[in-house]
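Enquirer: Below is data.cif; it holds mmCIF, C-alpha atoms.
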data_protein
#
loop_
_atom_site.label_atom_id
_atom_site.label_comp_id
_atom_site.auth_asym_id
_atom_site.auth_seq_id
_atom_site.Cartn_x
_atom_site.Cartn_y
_atom_site.Cartn_z
CA MET A 275 66.00 66.57 119.09
CA GLY A 276 67.59 70.04 118.94
CA ASP A 277 65.92 73.29 118.09
CA PRO A 278 66.61 73.90 114.32
CA ASN A 279 66.87 77.64 114.87
CA THR A 280 69.46 77.13 117.59
CA THR A 281 71.40 74.71 115.40
CA GLY A 282 71.29 77.12 112.48
CA ALA A 283 72.46 80.04 114.62
CA ARG A 284 75.29 77.94 116.01
CA SER A 285 76.37 76.97 112.46
CA VAL A 286 76.39 80.57 111.26
CA PHE A 287 78.29 81.70 114.35
CA THR A 288 80.91 79.00 113.85
CA GLU A 289 81.37 80.00 110.22
CA ALA A 290 81.87 83.63 111.25
CA GLU A 291 84.40 82.53 113.85
CA LEU A 292 86.30 80.63 111.19
CA ARG A 293 86.27 83.56 108.76
CA ALA A 294 87.67 86.07 111.27
CA PRO A 295 91.09 84.42 111.76
CA ARG A 296 91.47 84.05 107.99
CA ALA A 297 90.74 87.74 107.51
CA ASP A 298 93.21 88.62 110.26
CA ALA A 299 95.86 86.38 108.70
CA THR A 300 95.37 88.00 105.29
CA ARG A 301 95.57 91.48 106.80
CA ASN A 302 98.73 90.57 108.74
CA ARG A 303 100.29 89.09 105.63
CA ASP A 304 99.51 92.21 103.61
CA GLN A 305 101.06 94.39 106.32
CA LEU A 306 104.23 92.28 106.34
CA LEU A 307 104.34 92.47 102.55
CA ALA A 308 104.10 96.27 102.66
CA VAL A 309 106.89 96.52 105.23
CA ALA A 310 109.11 94.11 103.31
CA THR A 311 108.59 96.15 100.14
CA ARG A 312 109.59 99.33 101.96
CA VAL A 313 112.69 97.67 103.41
CA PHE A 314 113.75 96.29 100.03
CA VAL A 315 113.42 99.77 98.48
CA SER A 316 115.58 101.44 101.12
CA ALA A 317 118.23 98.73 101.58
CA GLU A 318 121.75 99.14 100.22
CA ALA A 319 122.12 95.33 100.23
CA GLU A 320 119.65 92.51 100.63
CA PRO A 321 118.18 92.79 104.15
CA SER A 322 117.96 89.77 106.42
CA MET A 323 114.62 88.23 107.30
CA ARG A 324 115.31 89.27 110.90
CA ALA A 325 115.75 92.91 109.83
CA ILE A 326 112.42 92.81 108.00
CA ALA A 327 110.67 91.29 111.02
CA ARG A 328 112.21 93.93 113.27
CA GLU A 329 111.01 96.73 110.97
CA ALA A 330 107.53 95.20 110.99
CA GLY A 331 107.54 95.02 114.79
CA VAL A 332 106.98 91.26 114.88
CA GLY A 333 109.02 88.26 115.90
CA ILE A 334 110.95 86.31 113.31
CA ALA A 335 108.63 83.33 113.86
CA THR A 336 105.64 85.44 112.76
CA LEU A 337 107.38 86.42 109.54
CA TYR A 338 108.35 82.82 108.83
CA ARG A 339 104.80 81.66 109.52
CA HIS A 340 103.59 83.79 106.60
CA PHE A 341 106.70 83.45 104.43
CA PRO A 342 108.58 80.22 105.28
CA THR A 343 111.63 81.12 103.16
CA ARG A 344 113.34 84.24 101.83
CA GLU A 345 112.36 83.06 98.34
CA SER A 346 108.67 82.94 99.24
CA LEU A 347 108.85 86.52 100.53
CA VAL A 348 110.73 87.78 97.48
CA ASP A 349 108.25 85.99 95.21
CA ALA A 350 105.29 87.58 97.02
CA VAL A 351 106.78 91.09 96.89
CA TYR A 352 107.75 90.70 93.23
CA ARG A 353 104.33 89.44 92.17
CA ASP A 354 102.56 92.12 94.19
CA GLN A 355 104.54 94.81 92.36
CA VAL A 356 103.82 93.25 88.96
CA VAL A 357 100.10 93.14 89.74
CA ARG A 358 100.22 96.82 90.72
CA LEU A 359 101.73 97.61 87.33
CA THR A 360 99.45 95.44 85.24
CA THR A 361 96.20 96.43 86.95
CA GLY A 362 97.43 99.99 87.46
CA ALA A 363 97.36 100.74 83.74
CA ARG A 364 93.57 100.42 83.49
CA GLU A 365 92.98 101.99 86.89
CA LEU A 366 94.99 105.06 85.91
CA LEU A 367 93.17 105.33 82.57
CA GLY A 368 89.90 105.26 84.49
CA ARG A 369 90.73 108.56 86.21
CA LEU A 370 93.40 110.31 84.12
CA PRO A 371 93.92 111.30 80.47
CA PRO A 372 96.20 108.79 78.69
CA ALA A 373 99.33 110.97 78.71
CA ALA A 374 98.96 111.67 82.44
CA ALA A 375 98.24 107.98 83.05
CA MET A 376 101.43 107.04 81.22
CA ARG A 377 103.51 109.46 83.28
CA ARG A 378 102.06 108.14 86.54
CA TRP A 379 102.59 104.55 85.39
CA MET A 380 106.26 105.38 84.82
CA ASP A 381 106.50 106.29 88.51
CA LEU A 382 105.00 102.90 89.41
CA PHE A 383 107.58 101.24 87.17
CA GLY A 384 110.31 103.14 89.01
CA ASP A 385 108.94 101.86 92.34
CA TRP A 386 109.12 98.31 90.96
CA ILE A 387 112.73 98.76 89.83
CA ALA A 388 113.68 100.22 93.22
CA THR A 389 112.09 97.28 95.03
CA LYS A 390 113.94 94.78 92.82
CA ASN A 391 117.28 96.33 93.71
CA GLY A 392 116.88 95.35 97.38
CA MET A 393 116.28 91.68 96.58
CA LEU A 394 118.31 91.37 93.39
CA ASP A 395 120.52 88.40 94.28
CA THR A 396 117.61 86.24 95.39
CA LEU A 397 115.47 87.40 92.48
CA LEU A 398 118.13 86.59 89.88
CA ALA A 399 118.65 83.15 91.39
CA MET A 400 114.90 82.49 91.25
CA ILE A 401 114.70 83.62 87.62
CA GLU A 402 117.70 81.43 86.77
CA SER A 403 116.06 78.40 88.43
CA GLY A 404 112.73 79.04 86.71
CA GLU A 405 110.85 79.81 89.94
CA ILE A 406 109.93 83.20 88.46
CA ALA A 407 108.94 83.37 84.78
CA HIS A 408 110.73 86.51 83.63
CA ALA A 409 109.44 86.23 80.05
CA GLN A 410 105.84 86.15 81.29
CA THR A 411 106.41 89.19 83.49
CA ARG A 412 107.88 91.08 80.54
CA SER A 413 104.86 90.21 78.39
CA GLU A 414 102.47 91.39 81.11
CA LEU A 415 104.31 94.71 81.52
CA LEU A 416 104.46 95.32 77.77
CA ALA A 417 100.73 94.63 77.58
CA ALA A 418 100.11 97.22 80.31
CA ILE A 419 102.15 99.82 78.42
CA THR A 420 100.32 98.96 75.20
CA THR A 421 96.97 99.49 76.93
CA ILE A 422 97.93 103.07 77.78
CA LEU A 423 99.54 103.66 74.38
CA ASP A 424 96.42 102.51 72.55
CA ALA A 425 94.26 104.85 74.62
CA GLY A 426 96.71 107.68 73.99
CA ARG A 427 96.70 107.14 70.26
CA ALA A 428 92.93 107.09 70.18
CA ALA A 429 92.79 110.34 72.17
CA GLY A 430 95.60 111.97 70.20
CA ASP A 431 97.65 112.31 73.40
CA LEU A 432 100.51 109.98 72.44
CA ARG A 433 102.46 109.33 69.28
CA SER A 434 101.34 106.48 67.03
CA ASP A 435 104.87 105.37 66.05
CA VAL A 436 106.06 104.45 69.55
CA THR A 437 105.98 100.85 70.77
CA ALA A 438 105.76 99.37 74.26
CA ASP A 439 109.27 97.99 73.75
CA ASP A 440 110.53 101.53 73.08
CA ILE A 441 109.08 102.78 76.34
CA ALA A 442 110.25 99.79 78.40
CA ALA A 443 113.81 100.17 77.09
CA SER A 444 113.75 103.91 77.81
CA LEU A 445 112.52 103.38 81.36
CA ILE A 446 115.17 100.77 82.11
CA GLY A 447 117.80 103.17 80.80
CA ILE A 448 116.51 106.06 82.91
CA PHE A 449 116.36 104.09 86.15
CA THR A 450 119.79 102.59 85.47
CA VAL A 451 121.49 106.00 85.25
CA ALA A 452 119.21 107.65 87.83
CA PRO A 453 118.13 105.15 90.51
CA ARG A 454 115.13 106.54 92.35
CA ARG A 455 116.59 106.18 95.83
CA HIS A 456 119.53 108.51 95.23
CA HIS A 457 118.41 110.49 92.17
CA GLU A 458 114.71 111.15 92.61
CA ALA A 459 114.79 114.62 91.03
CA LYS A 460 116.97 113.54 88.11
CA ALA A 461 114.78 110.52 87.42
CA GLY A 462 111.68 112.72 87.45
CA ARG A 463 113.25 115.18 85.02
CA LEU A 464 114.29 112.40 82.64
CA LEU A 465 110.80 110.89 82.77
CA ASP A 466 109.30 114.29 81.94
CA LEU A 467 111.68 114.58 78.97
CA LEU A 468 110.65 111.10 77.82
CA MET A 469 107.00 112.14 78.03
CA ASP A 470 107.74 115.20 75.90
CA GLY A 471 109.09 112.85 73.25
CA LEU A 472 105.99 110.66 73.42
CA ARG A 473 103.56 113.45 72.67
CA PRO A 474 102.56 114.02 69.03
CA PRO A 475 104.47 116.88 67.36
CA THR A 476 102.63 120.17 67.24
CA ARG A 477 101.62 121.00 63.70
CA PRO A 478 102.28 124.53 62.51
CA ALA A 479 99.19 126.72 62.32
#
Could you take the file, read its structure, and then write that structure out as structure tokens?
Expert:
Amino acid sequence: MGDPNTTGARSVFTEAELRAPRADATRNRDQLLAVATRVFVSAEAEPSMRAIAREAGVGIATLYRHFPTRESLVDAVYRDQVVRLTTGARELLGRLPPAAAMRRWMDLFGDWIATKNGMLDTLLAMIESGEIAHAQTRSELLAAITTILDAGRAAGDLRSDVTADDIAASLIGIFTVAPRRHHEAKAGRLLDLLMDGLRPPTRPA
């Protein structure tokens, strides 16, 4: 008959041993995701999986162990960026006035657009096949914009006659004519001009 304390200690130790590899795997996956995002942003054309592995400093087998296909990697990067946008709205409002939060959120939107450009062919194919629900993503992004707009209206920082659709259309237009990778300064200036238009008009004294 074994010592219960010894048995208990062994059980706890085994559980800790099991948790450690899972934590390492999650951390490694997150690091690969960050590198892949950076490569997609900077690429002129869709990079190969081997190029992403090389940039991450790992073997191709390691990358495929976490992301078995190009589609699984693109899906993970895409969803990670969407989550940053949807959760970012409330996080920004927690530390910035609504108008400043909106301007910073526009930068996050620009990062998302830039990332999409490096995986566009695969992304479009996945949307076409239904693997990525584009309509749901659009709804989530419009909801994030609305969250900031509502806070801005309540604070008097943002106009009450502007809709989330208006802002989304404006942002797509800006990043179409001024892609962030090659026109960072121009994109920033256009975003600042858009923000000027979103602020309530100053009433004469």
Enquirer: Counting only C-alpha atoms, what is within 12 Å of region 301-312 of chain A, bar same-chain residues fewer than 3 positions away, as a ChimeraX atom specification?
Expert: /A:294-298,315-317,320-334,336-341,344,346-355,385-393,455
Enquirer: Save the residues we just selected, C-alpha atoms, as a PDB file, in the frame of the given file?
Expert:
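Dumped everything to again_1.pdb:
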ATOM      1  CA  ALA A 294      87.670  86.070 111.270  1.00  0.00           C
ATOM      2  CA  PRO A 295      91.090  84.420 111.760  1.00  0.00           C
ATOM      3  CA  ARG A 296      91.470  84.050 107.990  1.00  0.00           C
ATOM      4  CA  ALA A 297      90.740  87.740 107.510  1.00  0.00           C
ATOM      5  CA  ASP A 298      93.210  88.620 110.260  1.00  0.00           C
ATOM      6  CA  VAL A 315     113.420  99.770  98.480  1.00  0.00           C
ATOM      7  CA  SER A 316     115.580 101.440 101.120  1.00  0.00           C
ATOM      8  CA  ALA A 317     118.230  98.730 101.580  1.00  0.00           C
ATOM      9  CA  GLU A 320     119.650  92.510 100.630  1.00  0.00           C
ATOM     10  CA  PRO A 321     118.180  92.790 104.150  1.00  0.00           C
ATOM     11  CA  SER A 322     117.960  89.770 106.420  1.00  0.00           C
ATOM     12  CA  MET A 323     114.620  88.230 107.300  1.00  0.00           C
ATOM     13  CA  ARG A 324     115.310  89.270 110.900  1.00  0.00           C
ATOM     14  CA  ALA A 325     115.750  92.910 109.830  1.00  0.00           C
ATOM     15  CA  ILE A 326     112.420  92.810 108.000  1.00  0.00           C
ATOM     16  CA  ALA A 327     110.670  91.290 111.020  1.00  0.00           C
ATOM     17  CA  ARG A 328     112.210  93.930 113.270  1.00  0.00           C
ATOM     18  CA  GLU A 329     111.010  96.730 110.970  1.00  0.00           C
ATOM     19  CA  ALA A 330     107.530  95.200 110.990  1.00  0.00           C
ATOM     20  CA  GLY A 331     107.540  95.020 114.790  1.00  0.00           C
ATOM     21  CA  VAL A 332     106.980  91.260 114.880  1.00  0.00           C
ATOM     22  CA  GLY A 333     109.020  88.260 115.900  1.00  0.00           C
ATOM     23  CA  ILE A 334     110.950  86.310 113.310  1.00  0.00           C
ATOM     24  CA  THR A 336     105.640  85.440 112.760  1.00  0.00           C
ATOM     25  CA  LEU A 337     107.380  86.420 109.540  1.00  0.00           C
ATOM     26  CA  TYR A 338     108.350  82.820 108.830  1.00  0.00           C
ATOM     27  CA  ARG A 339     104.800  81.660 109.520  1.00  0.00           C
ATOM     28  CA  HIS A 340     103.590  83.790 106.600  1.00  0.00           C
ATOM     29  CA  PHE A 341     106.700  83.450 104.430  1.00  0.00           C
ATOM     30  CA  ARG A 344     113.340  84.240 101.830  1.00  0.00           C
ATOM     31  CA  SER A 346     108.670  82.940  99.240  1.00  0.00           C
ATOM     32  CA  LEU A 347     108.850  86.520 100.530  1.00  0.00           C
ATOM     33  CA  VAL A 348     110.730  87.780  97.480  1.00  0.00           C
ATOM     34  CA  ASP A 349     108.250  85.990  95.210  1.00  0.00           C
ATOM     35  CA  ALA A 350     105.290  87.580  97.020  1.00  0.00           C
ATOM     36  CA  VAL A 351     106.780  91.090  96.890  1.00  0.00           C
ATOM     37  CA  TYR A 352     107.750  90.700  93.230  1.00  0.00           C
ATOM     38  CA  ARG A 353     104.330  89.440  92.170  1.00  0.00           C
ATOM     39  CA  ASP A 354     102.560  92.120  94.190  1.00  0.00           C
ATOM     40  CA  GLN A 355     104.540  94.810  92.360  1.00  0.00           C
ATOM     41  CA  ASP A 385     108.940 101.860  92.340  1.00  0.00           C
ATOM     42  CA  TRP A 386     109.120  98.310  90.960  1.00  0.00           C
ATOM     43  CA  ILE A 387     112.730  98.760  89.830  1.00  0.00           C
ATOM     44  CA  ALA A 388     113.680 100.220  93.220  1.00  0.00           C
ATOM     45  CA  THR A 389     112.090  97.280  95.030  1.00  0.00           C
ATOM     46  CA  LYS A 390     113.940  94.780  92.820  1.00  0.00           C
ATOM     47  CA  ASN A 391     117.280  96.330  93.710  1.00  0.00           C
ATOM     48  CA  GLY A 392     116.880  95.350  97.380  1.00  0.00           C
ATOM     49  CA  MET A 393     116.280  91.680  96.580  1.00  0.00           C
ATOM     50  CA  ARG A 455     116.590 106.180  95.830  1.00  0.00           C
TER      51      ARG A 455
END
Enquirer: Give me the residues near Leu432 (chain A) as a list in words, where near means some atom within 10 Å (using all atoms listed in the file) and where sequence neighbours in that chain fewer than 3 positions away do not count.
Expert: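 My list of contacting residues is Pro372, Ala373, Met376, Ile422, Leu423, Asp424, Ala425, Gly426, Arg427, Ala428, Ala429, Asp435, Val436, Met469, Asp470, Gly471, Leu472, Arg473, Pro474 and Pro475 of chain A.
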Enquirer: Using only C-alpha atoms, please write the residues we just selected to a file, as an mmCIF file, keeping the file's coordinate frame.
Expert:
data_model
loop_
_atom_site.group_PDB
_atom_site.id
_atom_site.type_symbol
_atom_site.label_atom_id
_atom_site.label_comp_id
_atom_site.auth_asym_id
_atom_site.auth_seq_id
_atom_site.Cartn_x
_atom_site.Cartn_y
_atom_site.Cartn_z
ATOM 1 C CA PRO A 372 96.200 108.790 78.690
ATOM 2 C CA ALA A 373 99.330 110.970 78.710
ATOM 3 C CA MET A 376 101.430 107.040 81.220
ATOM 4 C CA ILE A 422 97.930 103.070 77.780
ATOM 5 C CA LEU A 423 99.540 103.660 74.380
ATOM 6 C CA ASP A 424 96.420 102.510 72.550
ATOM 7 C CA ALA A 425 94.260 104.850 74.620
ATOM 8 C CA GLY A 426 96.710 107.680 73.990
ATOM 9 C CA ARG A 427 96.700 107.140 70.260
ATOM 10 C CA ALA A 428 92.930 107.090 70.180
ATOM 11 C CA ALA A 429 92.790 110.340 72.170
ATOM 12 C CA ASP A 435 104.870 105.370 66.050
ATOM 13 C CA VAL A 436 106.060 104.450 69.550
ATOM 14 C CA MET A 469 107.000 112.140 78.030
ATOM 15 C CA ASP A 470 107.740 115.200 75.900
ATOM 16 C CA GLY A 471 109.090 112.850 73.250
ATOM 17 C CA LEU A 472 105.990 110.660 73.420
ATOM 18 C CA ARG A 473 103.560 113.450 72.670
ATOM 19 C CA PRO A 474 102.560 114.020 69.030
ATOM 20 C CA PRO A 475 104.470 116.880 67.360
#
Enquirer: Would you kindly return, as a list in words, each protein, DNA or RNA residue with an atom no farther than 10 Å from any atom of Leu468 (chain A), considering only C-alpha atoms and excluding same-chain residues fewer than 4 positions away?
Expert: Arg377, Ile441, Ser444, Leu445, Ile448, Gly462, Arg463, Leu464, Leu472 and Arg473 of chain A
Enquirer: Point out the residue among A:Asp440, A:Gly404, A:Thr396, A:Ala459 with the least atom-to-atom distance to Thr420 (chain A), counting all atoms listed in the file.
Expert: A:Asp440
Enquirer: Grab the CA of Leu366 (chain A) to CA of Trp379 (chain A) distance for me, in Å with one decimal place.
Expert: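 Interatomic distance here is 7.6 Å.
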Enquirer: Using CA of Glu318 (chain A) and CA of Leu382 (chain A) as the two end points, give the distance in Å to one decimal.
Expert: 20.3 Å
Enquirer: Record the distance separating CA of Ser434 (chain A) and CA of Ala461 (chain A), expressed in Å with one decimal.
Expert: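 Going from CA of Ser434 (chain A) over to CA of Ala461 (chain A), I get 24.8 Å.
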